[in-house]
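Raw contents of start_11.cif, mmCIF, N, CA and C atoms:
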```cif
data_final
#
loop_
_atom_site.label_atom_id
_atom_site.label_comp_id
_atom_site.auth_asym_id
_atom_site.auth_seq_id
_atom_site.Cartn_x
_atom_site.Cartn_y
_atom_site.Cartn_z
N MET A 1 25.46 21.64 62.55
CA MET A 1 24.63 22.05 63.65
C MET A 1 25.50 22.14 64.90
N ARG A 2 25.25 23.17 65.72
CA ARG A 2 25.98 23.34 66.97
C ARG A 2 25.54 22.28 67.97
N PRO A 3 26.41 21.93 68.92
CA PRO A 3 25.98 21.00 69.96
C PRO A 3 24.90 21.65 70.82
N THR A 4 24.03 20.82 71.39
CA THR A 4 22.97 21.34 72.24
C THR A 4 23.58 21.98 73.47
N MET A 5 23.11 23.18 73.77
CA MET A 5 23.61 23.90 74.94
C MET A 5 22.80 23.51 76.16
N ALA A 6 23.46 23.50 77.30
CA ALA A 6 22.77 23.21 78.55
C ALA A 6 21.79 24.33 78.85
N LEU A 7 20.63 23.97 79.31
CA LEU A 7 19.61 24.95 79.67
C LEU A 7 19.39 24.87 81.17
N GLU A 8 20.19 25.61 81.89
CA GLU A 8 20.16 25.54 83.35
C GLU A 8 18.88 26.14 83.93
N SER A 9 18.39 27.20 83.33
CA SER A 9 17.18 27.84 83.82
C SER A 9 16.49 28.53 82.66
N PRO A 10 15.21 28.89 82.84
CA PRO A 10 14.51 29.56 81.76
C PRO A 10 15.18 30.87 81.35
N ARG A 11 15.91 31.46 82.24
CA ARG A 11 16.56 32.73 81.93
C ARG A 11 17.99 32.55 81.43
N SER A 12 18.40 31.34 81.19
CA SER A 12 19.77 31.09 80.77
C SER A 12 20.06 31.79 79.45
N GLN A 13 21.26 32.26 79.34
CA GLN A 13 21.66 32.97 78.13
C GLN A 13 21.59 32.05 76.92
N SER A 14 21.90 30.77 77.10
CA SER A 14 21.87 29.87 75.95
C SER A 14 20.45 29.72 75.40
N TRP A 15 19.45 29.65 76.26
CA TRP A 15 18.07 29.57 75.79
C TRP A 15 17.71 30.83 75.02
N GLY A 16 18.06 31.98 75.57
CA GLY A 16 17.78 33.24 74.90
C GLY A 16 18.50 33.36 73.57
N GLU A 17 19.74 32.89 73.53
CA GLU A 17 20.49 32.93 72.27
C GLU A 17 19.84 32.06 71.20
N LEU A 18 19.36 30.90 71.59
CA LEU A 18 18.69 30.02 70.64
C LEU A 18 17.42 30.67 70.09
N CYS A 19 16.65 31.31 70.95
CA CYS A 19 15.44 31.99 70.49
C CYS A 19 15.78 33.16 69.58
N LEU A 20 16.77 33.94 69.95
CA LEU A 20 17.15 35.07 69.11
C LEU A 20 17.69 34.62 67.76
N THR A 21 18.42 33.54 67.76
CA THR A 21 18.91 32.99 66.49
C THR A 21 17.73 32.56 65.62
N ALA A 22 16.74 31.92 66.23
CA ALA A 22 15.56 31.51 65.48
C ALA A 22 14.80 32.72 64.94
N VAL A 23 14.67 33.77 65.75
CA VAL A 23 13.99 34.98 65.30
C VAL A 23 14.74 35.57 64.10
N ARG A 24 16.04 35.66 64.21
CA ARG A 24 16.84 36.24 63.12
C ARG A 24 16.76 35.40 61.85
N THR A 25 16.92 34.09 61.98
CA THR A 25 16.94 33.26 60.78
C THR A 25 15.57 33.12 60.14
N THR A 26 14.51 33.08 60.95
CA THR A 26 13.18 33.01 60.36
C THR A 26 12.85 34.29 59.62
N THR A 27 13.30 35.41 60.15
CA THR A 27 13.08 36.69 59.47
C THR A 27 13.85 36.74 58.16
N GLU A 28 15.12 36.31 58.19
CA GLU A 28 15.93 36.27 56.97
C GLU A 28 15.30 35.34 55.93
N CYS A 29 14.83 34.19 56.37
CA CYS A 29 14.26 33.21 55.46
C CYS A 29 12.96 33.74 54.84
N ALA A 30 12.10 34.31 55.67
CA ALA A 30 10.84 34.86 55.15
C ALA A 30 11.13 35.98 54.15
N ASP A 31 12.07 36.83 54.46
CA ASP A 31 12.42 37.92 53.56
C ASP A 31 12.96 37.39 52.24
N TRP A 32 13.84 36.39 52.31
CA TRP A 32 14.39 35.80 51.09
C TRP A 32 13.28 35.17 50.26
N CYS A 33 12.37 34.45 50.94
CA CYS A 33 11.27 33.80 50.23
C CYS A 33 10.34 34.82 49.56
N ILE A 34 10.05 35.90 50.24
CA ILE A 34 9.19 36.94 49.67
C ILE A 34 9.80 37.48 48.38
N GLN A 35 11.11 37.62 48.36
CA GLN A 35 11.78 38.18 47.20
C GLN A 35 12.04 37.17 46.09
N ASN A 36 12.13 35.88 46.42
CA ASN A 36 12.63 34.92 45.44
C ASN A 36 11.74 33.73 45.11
N VAL A 37 10.82 33.36 45.98
CA VAL A 37 9.99 32.18 45.71
C VAL A 37 8.55 32.46 46.08
N ASP A 38 7.67 31.66 45.56
CA ASP A 38 6.26 31.79 45.88
C ASP A 38 5.85 30.60 46.74
N ASP A 39 6.11 30.71 48.04
CA ASP A 39 5.75 29.64 48.97
C ASP A 39 5.14 30.27 50.22
N PRO A 40 3.86 30.65 50.12
CA PRO A 40 3.22 31.34 51.25
C PRO A 40 3.23 30.55 52.55
N GLU A 41 3.14 29.22 52.45
CA GLU A 41 3.13 28.41 53.68
C GLU A 41 4.46 28.53 54.42
N CYS A 42 5.55 28.44 53.70
CA CYS A 42 6.88 28.55 54.32
C CYS A 42 7.06 29.95 54.93
N ILE A 43 6.65 30.96 54.20
CA ILE A 43 6.76 32.34 54.71
C ILE A 43 5.95 32.48 55.99
N ARG A 44 4.74 31.96 55.98
CA ARG A 44 3.88 32.06 57.16
C ARG A 44 4.49 31.35 58.36
N PHE A 45 5.02 30.13 58.15
CA PHE A 45 5.67 29.42 59.26
C PHE A 45 6.84 30.22 59.80
N CYS A 46 7.65 30.79 58.92
CA CYS A 46 8.79 31.59 59.36
C CYS A 46 8.34 32.80 60.18
N LEU A 47 7.36 33.53 59.68
CA LEU A 47 6.88 34.71 60.40
C LEU A 47 6.24 34.33 61.73
N ASP A 48 5.43 33.28 61.73
CA ASP A 48 4.81 32.83 62.98
C ASP A 48 5.85 32.37 63.99
N ALA A 49 6.83 31.62 63.53
CA ALA A 49 7.87 31.12 64.43
C ALA A 49 8.65 32.26 65.06
N GLY A 50 9.04 33.23 64.26
CA GLY A 50 9.78 34.38 64.80
C GLY A 50 8.95 35.18 65.79
N ASP A 51 7.68 35.41 65.46
CA ASP A 51 6.82 36.17 66.36
C ASP A 51 6.58 35.44 67.67
N LEU A 52 6.33 34.14 67.61
CA LEU A 52 6.09 33.39 68.84
C LEU A 52 7.37 33.25 69.68
N ALA A 53 8.52 33.09 69.04
CA ALA A 53 9.77 33.03 69.80
C ALA A 53 10.02 34.34 70.54
N THR A 54 9.72 35.45 69.89
CA THR A 54 9.85 36.75 70.54
C THR A 54 8.90 36.86 71.72
N ALA A 55 7.64 36.47 71.50
CA ALA A 55 6.65 36.54 72.58
C ALA A 55 7.03 35.64 73.75
N ALA A 56 7.49 34.44 73.45
CA ALA A 56 7.89 33.51 74.52
C ALA A 56 9.02 34.09 75.36
N ALA A 57 10.00 34.66 74.70
CA ALA A 57 11.13 35.25 75.43
C ALA A 57 10.66 36.40 76.33
N ARG A 58 9.75 37.19 75.84
CA ARG A 58 9.24 38.30 76.64
C ARG A 58 8.44 37.79 77.84
N LEU A 59 7.62 36.77 77.64
CA LEU A 59 6.81 36.23 78.74
C LEU A 59 7.68 35.57 79.80
N ILE A 60 8.70 34.85 79.36
CA ILE A 60 9.63 34.24 80.31
C ILE A 60 10.33 35.31 81.13
N SER A 61 10.75 36.38 80.47
CA SER A 61 11.52 37.41 81.17
C SER A 61 10.71 38.08 82.26
N ARG A 62 9.39 38.11 82.13
CA ARG A 62 8.58 38.72 83.18
C ARG A 62 7.82 37.68 84.01
N GLU A 63 8.21 36.42 83.85
CA GLU A 63 7.65 35.32 84.63
C GLU A 63 6.14 35.26 84.54
N SER A 64 5.63 35.40 83.34
CA SER A 64 4.19 35.35 83.10
C SER A 64 3.65 33.94 83.33
N PRO A 65 2.43 33.84 83.87
CA PRO A 65 1.82 32.52 84.02
C PRO A 65 1.46 31.89 82.66
N TYR A 66 1.51 32.67 81.59
CA TYR A 66 1.21 32.15 80.25
C TYR A 66 2.46 31.70 79.50
N ALA A 67 3.61 31.80 80.12
CA ALA A 67 4.86 31.46 79.45
C ALA A 67 4.90 29.99 79.03
N GLY A 68 4.48 29.09 79.89
CA GLY A 68 4.55 27.66 79.57
C GLY A 68 3.73 27.30 78.35
N LYS A 69 2.50 27.77 78.29
CA LYS A 69 1.65 27.47 77.14
C LYS A 69 2.19 28.12 75.87
N THR A 70 2.73 29.31 76.01
CA THR A 70 3.31 29.99 74.85
C THR A 70 4.54 29.24 74.36
N LEU A 71 5.34 28.72 75.27
CA LEU A 71 6.52 27.94 74.88
C LEU A 71 6.12 26.68 74.12
N GLU A 72 5.04 26.04 74.55
CA GLU A 72 4.57 24.83 73.85
C GLU A 72 4.13 25.18 72.43
N ALA A 73 3.38 26.26 72.28
CA ALA A 73 2.95 26.69 70.94
C ALA A 73 4.15 27.11 70.10
N THR A 74 5.10 27.76 70.73
CA THR A 74 6.31 28.20 70.02
C THR A 74 7.08 26.99 69.52
N ALA A 75 7.25 25.98 70.36
CA ALA A 75 7.96 24.77 69.95
C ALA A 75 7.26 24.12 68.76
N ASP A 76 5.93 24.09 68.80
CA ASP A 76 5.18 23.48 67.70
C ASP A 76 5.42 24.21 66.39
N VAL A 77 5.29 25.51 66.38
CA VAL A 77 5.46 26.25 65.12
C VAL A 77 6.93 26.25 64.69
N LEU A 78 7.86 26.24 65.62
CA LEU A 78 9.28 26.13 65.25
C LEU A 78 9.55 24.80 64.56
N GLU A 79 8.95 23.73 65.06
CA GLU A 79 9.12 22.42 64.42
C GLU A 79 8.51 22.40 63.03
N ARG A 80 7.35 23.01 62.87
CA ARG A 80 6.71 23.08 61.55
C ARG A 80 7.55 23.90 60.58
N CYS A 81 8.10 24.99 61.08
CA CYS A 81 8.96 25.83 60.25
C CYS A 81 10.21 25.05 59.85
N ALA A 82 10.79 24.33 60.79
CA ALA A 82 11.99 23.54 60.50
C ALA A 82 11.71 22.50 59.42
N ARG A 83 10.57 21.83 59.50
CA ARG A 83 10.22 20.84 58.47
C ARG A 83 10.02 21.51 57.11
N SER A 84 9.31 22.62 57.10
CA SER A 84 9.03 23.32 55.84
C SER A 84 10.33 23.80 55.20
N CYS A 85 11.17 24.44 55.98
CA CYS A 85 12.44 24.93 55.43
C CYS A 85 13.37 23.78 55.08
N GLY A 86 13.33 22.72 55.88
CA GLY A 86 14.16 21.56 55.59
C GLY A 86 13.85 20.93 54.24
N GLU A 87 12.60 21.02 53.81
CA GLU A 87 12.22 20.49 52.50
C GLU A 87 12.88 21.26 51.36
N HIS A 88 13.29 22.50 51.63
CA HIS A 88 13.91 23.36 50.61
C HIS A 88 15.41 23.55 50.83
N ARG A 89 15.97 22.76 51.73
CA ARG A 89 17.37 22.93 52.14
C ARG A 89 18.33 23.05 50.96
N GLY A 90 18.13 22.29 49.90
CA GLY A 90 19.05 22.30 48.76
C GLY A 90 18.91 23.50 47.84
N GLU A 91 17.85 24.28 48.00
CA GLU A 91 17.59 25.40 47.11
C GLU A 91 18.42 26.64 47.44
N HIS A 92 18.67 26.88 48.72
CA HIS A 92 19.44 28.04 49.15
C HIS A 92 19.88 27.80 50.59
N ASP A 93 21.05 28.33 50.96
CA ASP A 93 21.56 28.07 52.31
C ASP A 93 20.70 28.68 53.41
N VAL A 94 19.88 29.69 53.10
CA VAL A 94 19.02 30.28 54.11
C VAL A 94 18.04 29.25 54.68
N PHE A 95 17.60 28.32 53.85
CA PHE A 95 16.66 27.30 54.32
C PHE A 95 17.31 26.37 55.35
N GLY A 96 18.53 25.97 55.11
CA GLY A 96 19.24 25.10 56.04
C GLY A 96 19.49 25.79 57.37
N ARG A 97 19.93 27.05 57.30
CA ARG A 97 20.16 27.81 58.54
C ARG A 97 18.87 27.94 59.34
N CYS A 98 17.78 28.23 58.64
CA CYS A 98 16.49 28.40 59.32
C CYS A 98 16.02 27.08 59.93
N ALA A 99 16.10 26.00 59.17
CA ALA A 99 15.67 24.70 59.68
C ALA A 99 16.47 24.30 60.91
N ASP A 100 17.78 24.49 60.86
CA ASP A 100 18.63 24.12 62.01
C ASP A 100 18.34 24.98 63.23
N ALA A 101 18.20 26.30 63.03
CA ALA A 101 17.94 27.20 64.15
C ALA A 101 16.57 26.89 64.78
N CYS A 102 15.59 26.61 63.94
CA CYS A 102 14.25 26.31 64.47
C CYS A 102 14.23 25.00 65.23
N THR A 103 14.95 24.02 64.74
CA THR A 103 15.02 22.73 65.43
C THR A 103 15.64 22.90 66.82
N GLU A 104 16.74 23.62 66.89
CA GLU A 104 17.40 23.84 68.18
C GLU A 104 16.53 24.65 69.13
N ALA A 105 15.90 25.71 68.62
CA ALA A 105 15.07 26.55 69.47
C ALA A 105 13.83 25.79 69.93
N ALA A 106 13.26 24.94 69.08
CA ALA A 106 12.09 24.15 69.48
C ALA A 106 12.43 23.25 70.65
N GLN A 107 13.58 22.59 70.58
CA GLN A 107 13.99 21.71 71.67
C GLN A 107 14.20 22.51 72.96
N ALA A 108 14.80 23.69 72.82
CA ALA A 108 15.01 24.54 74.00
C ALA A 108 13.69 24.98 74.59
N CYS A 109 12.73 25.34 73.75
CA CYS A 109 11.41 25.75 74.24
C CYS A 109 10.73 24.60 75.00
N LYS A 110 10.84 23.39 74.47
CA LYS A 110 10.25 22.25 75.15
C LYS A 110 10.88 22.04 76.53
N THR A 111 12.19 22.15 76.59
CA THR A 111 12.91 21.96 77.84
C THR A 111 12.50 23.00 78.87
N VAL A 112 12.43 24.24 78.44
CA VAL A 112 12.06 25.31 79.35
C VAL A 112 10.58 25.20 79.75
N ALA A 113 9.72 24.80 78.81
CA ALA A 113 8.30 24.64 79.12
C ALA A 113 8.11 23.58 80.21
N GLN A 114 8.88 22.51 80.15
CA GLN A 114 8.78 21.46 81.18
C GLN A 114 9.15 22.00 82.54
N LYS A 115 10.09 22.92 82.57
CA LYS A 115 10.50 23.51 83.85
C LYS A 115 9.47 24.50 84.36
N GLN A 116 8.63 25.02 83.46
CA GLN A 116 7.58 25.96 83.85
C GLN A 116 6.37 25.24 84.43
N ALA A 117 6.22 23.97 84.09
CA ALA A 117 5.02 23.22 84.52
C ALA A 117 5.02 22.93 86.00
#
```
Go through the file and emit its structure as C-alpha cells.
Amino acid sequence: MRPTMALESPRSQSWGELCLTAVRTTTECADWCIQNVDDPECIRFCLDAGDLATAAARLISRESPYAGKTLEATADVLERCARSCGEHRGEHDVFGRCADACTEAAQACKTVAQKQA
C-alpha cells in the first residue's frame, strides 16, 4: 500500500488521484468478477463505489453544497467495497488492488468531507 498522501485541500491532486484510482480499480474488479465469478454483492459494491467516487469528484470540482454528504456516502460504500474485495484477496490480484484503492480513497473522502463541513 502507498503511504497516505497529504490532502491540503479538496481540490488537491492527491485526493483526485486517489478517487480516480478507486474508480479505475473498482471498474476493473467488477469487470473481472462479471467474467469469472458469481458474486453479485461484490460487483454491486464495486460499481456503486466507482459511480459515487466519480460523482463526488464532480461535485467537489464545482463546489456543490451537496459535496460533503456525497463524500460521506462515497466513503461508506468505498469501505464496504474494500471489505468485500478484501475477503477475496487471495483469489486474484484484482481484489487486493481494489481493496487497497478503496481503503485509501475512503480515508481521503472522509478527510475532505470534514473540510467541507
Original post:
Leaving out Asp93 (chain A) and any residue of its chain fewer than 3 positions from it, which residues lie within 12 Å of it when counting only C-alpha atoms, given as a list in words?
Top reply: Thr25, Glu28, Cys29, Trp32, Cys33, Cys85, Gly86, His88, Arg89, Gly90, Gly96, Arg97, Cys98, Ala99 and Asp100 of chain A
Could those residues be written to a file, using N, CA and C atoms, as a PDB file, keeping the file's coordinate frame?
```
ATOM      1  N   THR A  25      16.920  34.090  61.980  1.00  0.00           N
ATOM      2  CA  THR A  25      16.940  33.260  60.780  1.00  0.00           C
ATOM      3  C   THR A  25      15.570  33.120  60.140  1.00  0.00           C
ATOM      4  N   GLU A  28      15.120  36.310  58.190  1.00  0.00           N
ATOM      5  CA  GLU A  28      15.930  36.270  56.970  1.00  0.00           C
ATOM      6  C   GLU A  28      15.300  35.340  55.930  1.00  0.00           C
ATOM      7  N   CYS A  29      14.830  34.190  56.370  1.00  0.00           N
ATOM      8  CA  CYS A  29      14.260  33.210  55.460  1.00  0.00           C
ATOM      9  C   CYS A  29      12.960  33.740  54.840  1.00  0.00           C
ATOM     10  N   TRP A  32      13.840  36.390  52.310  1.00  0.00           N
ATOM     11  CA  TRP A  32      14.390  35.800  51.090  1.00  0.00           C
ATOM     12  C   TRP A  32      13.280  35.170  50.260  1.00  0.00           C
ATOM     13  N   CYS A  33      12.370  34.450  50.940  1.00  0.00           N
ATOM     14  CA  CYS A  33      11.270  33.800  50.230  1.00  0.00           C
ATOM     15  C   CYS A  33      10.340  34.820  49.560  1.00  0.00           C
ATOM     16  N   CYS A  85      11.170  24.440  55.980  1.00  0.00           N
ATOM     17  CA  CYS A  85      12.440  24.930  55.430  1.00  0.00           C
ATOM     18  C   CYS A  85      13.370  23.780  55.080  1.00  0.00           C
ATOM     19  N   GLY A  86      13.330  22.720  55.880  1.00  0.00           N
ATOM     20  CA  GLY A  86      14.160  21.560  55.590  1.00  0.00           C
ATOM     21  C   GLY A  86      13.850  20.930  54.240  1.00  0.00           C
ATOM     22  N   HIS A  88      13.290  22.500  51.630  1.00  0.00           N
ATOM     23  CA  HIS A  88      13.910  23.360  50.610  1.00  0.00           C
ATOM     24  C   HIS A  88      15.410  23.550  50.830  1.00  0.00           C
ATOM     25  N   ARG A  89      15.970  22.760  51.730  1.00  0.00           N
ATOM     26  CA  ARG A  89      17.370  22.930  52.140  1.00  0.00           C
ATOM     27  C   ARG A  89      18.330  23.050  50.960  1.00  0.00           C
ATOM     28  N   GLY A  90      18.130  22.290  49.900  1.00  0.00           N
ATOM     29  CA  GLY A  90      19.050  22.300  48.760  1.00  0.00           C
ATOM     30  C   GLY A  90      18.910  23.500  47.840  1.00  0.00           C
ATOM     31  N   GLY A  96      18.530  25.970  55.110  1.00  0.00           N
ATOM     32  CA  GLY A  96      19.240  25.100  56.040  1.00  0.00           C
ATOM     33  C   GLY A  96      19.490  25.790  57.370  1.00  0.00           C
ATOM     34  N   ARG A  97      19.930  27.050  57.300  1.00  0.00           N
ATOM     35  CA  ARG A  97      20.160  27.810  58.540  1.00  0.00           C
ATOM     36  C   ARG A  97      18.870  27.940  59.340  1.00  0.00           C
ATOM     37  N   CYS A  98      17.780  28.230  58.640  1.00  0.00           N
ATOM     38  CA  CYS A  98      16.490  28.400  59.320  1.00  0.00           C
ATOM     39  C   CYS A  98      16.020  27.080  59.930  1.00  0.00           C
ATOM     40  N   ALA A  99      16.100  26.000  59.170  1.00  0.00           N
ATOM     41  CA  ALA A  99      15.670  24.700  59.680  1.00  0.00           C
ATOM     42  C   ALA A  99      16.470  24.300  60.910  1.00  0.00           C
ATOM     43  N   ASP A 100      17.780  24.490  60.860  1.00  0.00           N
ATOM     44  CA  ASP A 100      18.630  24.120  62.010  1.00  0.00           C
ATOM     45  C   ASP A 100      18.340  24.980  63.230  1.00  0.00           C
TER      46      ASP A 100
END
```
Subject >> Selection result of the PyMOL selection byres ((chain A and resi 43) around 7) on this file, as a PyMOL selection string >> reply: chain A and resi 29-31+33-34+39-42+44-48
Original post:
Residues picked by the PyMOL selection byres (((chain A and resi 107 and name CA) around 10) and name CA) here, as an MDAnalysis selection string?
Top reply: chainID A and resid 4 15 18 75:76 78:79 102:106 108:113
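Across the model, the gap from CA of Ala53 (chain A) to CA of Leu71 (chain A) is 7.9 Å.
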Subject >> Counting only C-alpha atoms, the residue of A:Val94, A:Ala49, A:Leu20, A:Ala101 that sits nearest Glu72 (chain A) >> reply: A:Ala49
**OP:** Just give me the gap between CA of Ala55 (chain A) and CA of Gly16 (chain A) in Å, one decimal is fine.
**Re:**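 If I compute the distance from CA of Ala55 (chain A) to CA of Gly16 (chain A), I get 11.8 Å.
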Subject >> Distance in Å - atom C of Thr27 (chain A) versus CA of Ala73 (chain A) >> reply: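 Pair atom C of Thr27 (chain A) / CA of Ala73 (chain A) returns 19.6 Å.
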Original post:
Just asking: which residues within region 19-70 of chain A are helix (DSSP H, G or I) according to DSSP, as JSON, numbers by chain?
Top reply: {"A": [19, 20, 21, 22, 23, 24, 25, 26, 27, 28, 29, 30, 31, 32, 33, 34, 35, 36, 40, 41, 42, 43, 44, 45, 46, 47, 48, 49, 50, 51, 52, 53, 54, 55, 56, 57, 58, 59, 60, 61, 67, 68, 69, 70]}
